[in-house]
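Below: one structure, written as structure tokens.
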Amino acid sequence: MRDPFSSYHPILNFGYFTVMLLFSMFFMHPVFQGIALLSAVTYSLLLKGRSGVKFHMLYMLPLLLFMAAMNPAFNHAGVTILFYLKSGNPVTLESIVFGVSAACMFVTVIIWFSCYNAVMTSDKFIYIFGKILPSLSLILSMVLRFVPRYIAQMKTISNAQKCIGRDMSQGNMLQRARNGIAILSILTTWALENAIETADSMKSRGYGLHGRTSYSNFRFDRRDRIMLAVLAGLIACVLVGAVLGENTIRFFPSIKASVVTPVSYAVYIAYFALCTIPVQVAIMEEVKWKYIESKT
């Protein structure tokens, strides 16, 4: 399934991910964290497919379990003691719940960032910040695409070195180390040359000069205005819930959350709708496409 949400205006994409990252970091309530984590995972799988499954199973799940287990081993605050360690330190229910909550928050933010990198391409980022901070936006756009580009280049260099018997998987330990250093040196040289060429290319085109105009395919049309209104309404509902204390929870010295009321359910639904906006858009587009196919 393709991702129609990435075809919306860059300001909407950037604003959505900014809001989701902030909400995921500051809303520690279990319901909010569960909604954000499941929504982020679902959207990540929609964007990356099988590689997304590998990413979550090999990296995110172990990280979540590791962080959740580490907190009660070092944090012994809380009044509900479950048992004692051999060192004599207590393991409390509050420290376990807080550890799980902190781990969920950390993993959710990472997954949202991975979705951000897939949707917010360098041209979108430069479109938003090019006129405001031209130099900084260029540097940030280069940094954001650093990892995927350099991984691809490293594979290219490694394959070329393998053909002449100088790959990191060939030879004894000393030879492998030397081959690895040689590959890293080649990659570093390529990175520096690439950065200089990019800077010279942008300078020759007049990037950042006062009064310079640039062509852009992005237009804020009726569809974007509708999406902006929907996002603004959902964000307003969630913020009202935050003001009313519907998203707050106390972990220490004892666990205490706000009483669940009909207002709470309304805020939960609004937050769920906000977190799943990209998935909802993809589903609606898929249903619409299937309907059109059935009519032709």
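Quick note on naming: the chains in the structure tokens go A, B, ... in the order shown, residues restart at 1 in each chain, and ligands are numbered from 1 in order of appearance.
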* To do: Please provide the set of residues having any atom within 12 Å of range 64-80 of chain A, restricted to only C-alpha atoms, with same-chain residues fewer than 5 positions apart removed, written as a PyMOL selection string.
  => chain A and resi 37+56-59+85-111+250-256
Just the selected residues (N, CA, C and O atoms), exported as a compact mmCIF listing (two decimals), in the first residue's frame, please.
```txt
# COMPACT_ATOMS: atom_id res chain seq x y z
N LEU A 37 2.29 4.38 20.39
CA LEU A 37 3.20 3.31 19.99
C LEU A 37 2.59 2.45 18.89
O LEU A 37 3.24 2.17 17.87
N HIS A 56 11.60 -3.47 13.54
CA HIS A 56 10.93 -3.51 14.84
C HIS A 56 11.31 -4.76 15.64
O HIS A 56 11.51 -4.68 16.86
N MET A 57 11.42 -5.90 14.99
CA MET A 57 11.70 -7.14 15.69
C MET A 57 13.16 -7.22 16.15
O MET A 57 13.45 -7.74 17.23
N LEU A 58 14.08 -6.73 15.34
CA LEU A 58 15.50 -6.87 15.66
C LEU A 58 16.04 -5.72 16.52
O LEU A 58 17.03 -5.91 17.24
N TYR A 59 15.41 -4.56 16.43
CA TYR A 59 15.96 -3.39 17.12
C TYR A 59 15.00 -2.81 18.16
O TYR A 59 15.37 -2.63 19.33
N LEU A 85 16.03 -7.71 45.75
CA LEU A 85 17.15 -8.29 45.02
C LEU A 85 18.17 -8.86 46.00
O LEU A 85 18.08 -8.64 47.21
N LYS A 86 19.14 -9.61 45.49
CA LYS A 86 20.17 -10.19 46.34
C LYS A 86 20.99 -9.12 47.04
O LYS A 86 21.55 -9.34 48.11
N SER A 87 21.06 -7.93 46.38
CA SER A 87 21.80 -6.82 46.98
C SER A 87 21.04 -6.17 48.13
O SER A 87 21.60 -5.34 48.85
N GLY A 88 19.78 -6.54 48.31
CA GLY A 88 18.96 -5.97 49.36
C GLY A 88 18.09 -4.82 48.90
O GLY A 88 17.25 -4.33 49.67
N ASN A 89 18.26 -4.38 47.67
CA ASN A 89 17.45 -3.29 47.13
C ASN A 89 16.08 -3.81 46.72
O ASN A 89 15.96 -4.90 46.15
N PRO A 90 15.04 -3.04 46.98
CA PRO A 90 13.69 -3.49 46.62
C PRO A 90 13.36 -3.24 45.16
O PRO A 90 13.88 -2.31 44.54
N VAL A 91 12.50 -4.06 44.61
CA VAL A 91 11.93 -3.85 43.29
C VAL A 91 10.47 -3.48 43.49
O VAL A 91 9.69 -4.27 44.06
N THR A 92 10.10 -2.28 43.06
CA THR A 92 8.76 -1.77 43.34
C THR A 92 7.91 -1.78 42.07
O THR A 92 8.43 -1.73 40.94
N LEU A 93 6.61 -1.82 42.28
CA LEU A 93 5.68 -1.77 41.16
C LEU A 93 5.79 -0.45 40.42
O LEU A 93 5.73 -0.40 39.18
N GLU A 94 5.99 0.63 41.17
CA GLU A 94 6.07 1.95 40.55
C GLU A 94 7.28 2.06 39.62
O GLU A 94 7.19 2.63 38.53
N SER A 95 8.42 1.50 40.04
CA SER A 95 9.62 1.57 39.19
C SER A 95 9.45 0.74 37.92
O SER A 95 9.93 1.12 36.86
N ILE A 96 8.75 -0.40 38.02
CA ILE A 96 8.51 -1.23 36.84
C ILE A 96 7.60 -0.51 35.86
O ILE A 96 7.87 -0.45 34.65
N VAL A 97 6.51 0.05 36.36
CA VAL A 97 5.56 0.76 35.49
C VAL A 97 6.22 1.97 34.86
O VAL A 97 6.05 2.24 33.66
N PHE A 98 7.01 2.71 35.66
CA PHE A 98 7.70 3.87 35.10
C PHE A 98 8.73 3.45 34.06
O PHE A 98 8.90 4.13 33.03
N GLY A 99 9.42 2.33 34.28
CA GLY A 99 10.39 1.84 33.31
C GLY A 99 9.73 1.46 31.99
O GLY A 99 10.24 1.78 30.91
N VAL A 100 8.59 0.78 32.08
CA VAL A 100 7.85 0.42 30.86
C VAL A 100 7.38 1.68 30.15
O VAL A 100 7.46 1.78 28.90
N SER A 101 6.90 2.65 30.91
CA SER A 101 6.41 3.90 30.31
C SER A 101 7.53 4.66 29.63
O SER A 101 7.37 5.15 28.50
N ALA A 102 8.68 4.77 30.30
CA ALA A 102 9.82 5.48 29.71
C ALA A 102 10.33 4.76 28.46
O ALA A 102 10.69 5.40 27.47
N ALA A 103 10.35 3.43 28.50
CA ALA A 103 10.80 2.65 27.34
C ALA A 103 9.85 2.84 26.16
O ALA A 103 10.29 3.00 25.01
N CYS A 104 8.56 2.82 26.42
CA CYS A 104 7.57 3.03 25.36
C CYS A 104 7.72 4.42 24.75
O CYS A 104 7.64 4.58 23.52
N MET A 105 7.93 5.41 25.60
CA MET A 105 8.11 6.77 25.10
C MET A 105 9.34 6.87 24.20
O MET A 105 9.28 7.43 23.10
N PHE A 106 10.45 6.28 24.64
CA PHE A 106 11.70 6.35 23.87
C PHE A 106 11.56 5.64 22.52
O PHE A 106 11.95 6.18 21.48
N VAL A 107 11.00 4.45 22.54
CA VAL A 107 10.84 3.67 21.30
C VAL A 107 9.85 4.36 20.35
O VAL A 107 10.07 4.40 19.14
N THR A 108 8.77 4.90 20.90
CA THR A 108 7.78 5.58 20.07
C THR A 108 8.39 6.77 19.35
O THR A 108 8.14 6.98 18.15
N VAL A 109 9.21 7.54 20.06
CA VAL A 109 9.86 8.70 19.44
C VAL A 109 10.80 8.26 18.31
O VAL A 109 10.83 8.87 17.24
N ILE A 110 11.54 7.18 18.53
CA ILE A 110 12.45 6.68 17.49
C ILE A 110 11.66 6.25 16.25
O ILE A 110 12.05 6.54 15.11
N ILE A 111 10.55 5.56 16.46
CA ILE A 111 9.75 5.09 15.32
C ILE A 111 9.13 6.27 14.57
O ILE A 111 9.10 6.28 13.33
N ARG A 250 0.77 10.05 37.85
CA ARG A 250 1.85 10.16 38.82
C ARG A 250 2.39 8.76 39.10
O ARG A 250 1.62 7.83 39.35
N PHE A 251 3.71 8.61 39.03
CA PHE A 251 4.32 7.30 39.24
C PHE A 251 4.87 7.14 40.66
O PHE A 251 4.87 6.03 41.20
N PHE A 252 5.37 8.21 41.25
CA PHE A 252 6.00 8.13 42.57
C PHE A 252 5.37 9.15 43.51
O PHE A 252 4.99 10.25 43.07
N PRO A 253 5.24 8.84 44.78
CA PRO A 253 5.63 7.59 45.44
C PRO A 253 4.67 6.43 45.17
O PRO A 253 5.00 5.28 45.41
N SER A 254 3.47 6.75 44.68
CA SER A 254 2.51 5.71 44.31
C SER A 254 1.87 6.10 42.99
O SER A 254 1.85 7.27 42.61
N ILE A 255 1.34 5.10 42.29
CA ILE A 255 0.73 5.36 40.99
C ILE A 255 -0.65 5.96 41.17
O ILE A 255 -1.49 5.41 41.89
N LYS A 256 -0.87 7.08 40.51
CA LYS A 256 -2.18 7.73 40.59
C LYS A 256 -2.46 8.42 39.27
O LYS A 256 -1.67 9.24 38.80
```
* In range 31-265 of chain A, what's helix (DSSP H, G or I) per DSSP? Answer as a ChimeraX atom specification? -> /A:31-48,50-74,93-119,122-129,134-144,146-163,173-204,222-243,262-265
* Interatomic distance between CA of Lys124 in chain A and CA of Pro10 in chain A? ->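 Pair CA of Lys124 in chain A / CA of Pro10 in chain A returns 5.6 Å.
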* To do: Fewer than 5 positions away in the same chain doesn't count, so skip those; otherwise give me all residues within 10 Å of Ala282 in chain A, counting only C-alpha atoms, as JSON, numbers by chain.
  => {"A": [1, 2, 3, 4, 5, 6, 43, 46, 276, 277, 287, 288]}
Give me a file of those residues, with all heavy atoms, as a compact mmCIF listing (two decimals), in the first residue's frame.
```txt
# COMPACT_ATOMS: atom_id res chain seq x y z
N MET A 1 0.85 -1.20 0.00
CA MET A 1 0.00 0.00 0.00
C MET A 1 0.89 1.25 0.00
O MET A 1 1.81 1.37 0.79
CB MET A 1 -0.91 0.00 1.23
CG MET A 1 -1.92 1.13 1.26
SD MET A 1 -2.90 1.14 2.78
CE MET A 1 -3.81 -0.39 2.62
N ARG A 2 0.62 2.17 -0.93
CA ARG A 2 1.40 3.40 -0.98
C ARG A 2 0.99 4.35 0.15
O ARG A 2 0.02 4.10 0.87
CB ARG A 2 1.20 4.07 -2.34
CG ARG A 2 -0.22 4.52 -2.62
CD ARG A 2 -0.41 4.94 -4.06
NE ARG A 2 -1.76 5.44 -4.31
CZ ARG A 2 -2.09 6.71 -4.23
NH1 ARG A 2 -1.16 7.61 -3.91
NH2 ARG A 2 -3.32 7.12 -4.46
N ASP A 3 1.73 5.43 0.29
CA ASP A 3 1.49 6.37 1.39
C ASP A 3 0.98 7.70 0.85
O ASP A 3 1.78 8.55 0.46
CB ASP A 3 2.77 6.57 2.19
CG ASP A 3 2.58 7.60 3.29
OD1 ASP A 3 1.51 7.58 3.92
OD2 ASP A 3 3.50 8.41 3.52
N PRO A 4 -0.34 7.91 0.79
CA PRO A 4 -0.88 9.17 0.29
C PRO A 4 -0.58 10.36 1.20
O PRO A 4 -0.57 11.50 0.74
CB PRO A 4 -2.40 8.91 0.21
CG PRO A 4 -2.55 7.42 0.30
CD PRO A 4 -1.40 6.95 1.12
N PHE A 5 -0.36 10.11 2.49
CA PHE A 5 -0.13 11.22 3.41
C PHE A 5 1.14 12.00 3.05
O PHE A 5 1.20 13.21 3.26
CB PHE A 5 -0.03 10.70 4.84
CG PHE A 5 0.12 11.78 5.88
CD1 PHE A 5 -0.95 12.60 6.20
CD2 PHE A 5 1.33 11.99 6.51
CE1 PHE A 5 -0.82 13.61 7.15
CE2 PHE A 5 1.48 13.00 7.45
CZ PHE A 5 0.41 13.80 7.78
N SER A 6 2.14 11.32 2.50
CA SER A 6 3.37 12.00 2.14
C SER A 6 3.18 12.92 0.94
O SER A 6 4.04 13.76 0.66
CB SER A 6 4.47 10.98 1.82
OG SER A 6 4.07 10.14 0.75
N TYR A 43 2.11 2.77 11.11
CA TYR A 43 2.51 3.66 10.02
C TYR A 43 3.89 3.29 9.49
O TYR A 43 4.14 3.35 8.28
CB TYR A 43 2.49 5.10 10.51
CG TYR A 43 2.70 6.12 9.42
CD1 TYR A 43 2.17 5.91 8.15
CD2 TYR A 43 3.39 7.29 9.66
CE1 TYR A 43 2.35 6.85 7.14
CE2 TYR A 43 3.57 8.24 8.65
CZ TYR A 43 3.05 8.01 7.40
OH TYR A 43 3.23 8.94 6.41
N LEU A 46 3.51 0.41 7.25
CA LEU A 46 2.90 0.86 6.00
C LEU A 46 3.95 1.48 5.08
O LEU A 46 3.93 1.27 3.86
CB LEU A 46 1.80 1.88 6.30
CG LEU A 46 1.13 2.55 5.09
CD1 LEU A 46 0.34 1.53 4.29
CD2 LEU A 46 0.22 3.68 5.55
N THR A 276 -3.54 8.18 14.04
CA THR A 276 -3.74 7.28 12.91
C THR A 276 -4.14 8.00 11.63
O THR A 276 -4.59 7.36 10.69
CB THR A 276 -4.82 6.23 13.26
OG1 THR A 276 -6.04 6.90 13.64
CG2 THR A 276 -4.37 5.34 14.41
N ILE A 277 -3.99 9.32 11.59
CA ILE A 277 -4.35 10.08 10.39
C ILE A 277 -3.67 9.53 9.14
O ILE A 277 -4.33 9.30 8.11
CB ILE A 277 -4.01 11.57 10.59
CG1 ILE A 277 -5.12 12.28 11.41
CG2 ILE A 277 -3.85 12.29 9.25
CD1 ILE A 277 -6.41 12.48 10.64
N VAL A 287 -9.44 2.26 -0.58
CA VAL A 287 -10.86 1.94 -0.82
C VAL A 287 -11.37 2.72 -2.03
O VAL A 287 -12.11 2.17 -2.88
CB VAL A 287 -11.69 2.27 0.43
CG1 VAL A 287 -13.18 2.15 0.14
CG2 VAL A 287 -11.31 1.34 1.58
N LYS A 288 -11.00 3.98 -2.13
CA LYS A 288 -11.42 4.80 -3.26
C LYS A 288 -10.89 4.24 -4.57
O LYS A 288 -11.60 4.19 -5.58
CB LYS A 288 -10.93 6.24 -3.04
CG LYS A 288 -11.37 7.21 -4.13
CD LYS A 288 -10.85 8.61 -3.81
CE LYS A 288 -11.24 9.59 -4.91
NZ LYS A 288 -10.73 10.96 -4.61
```
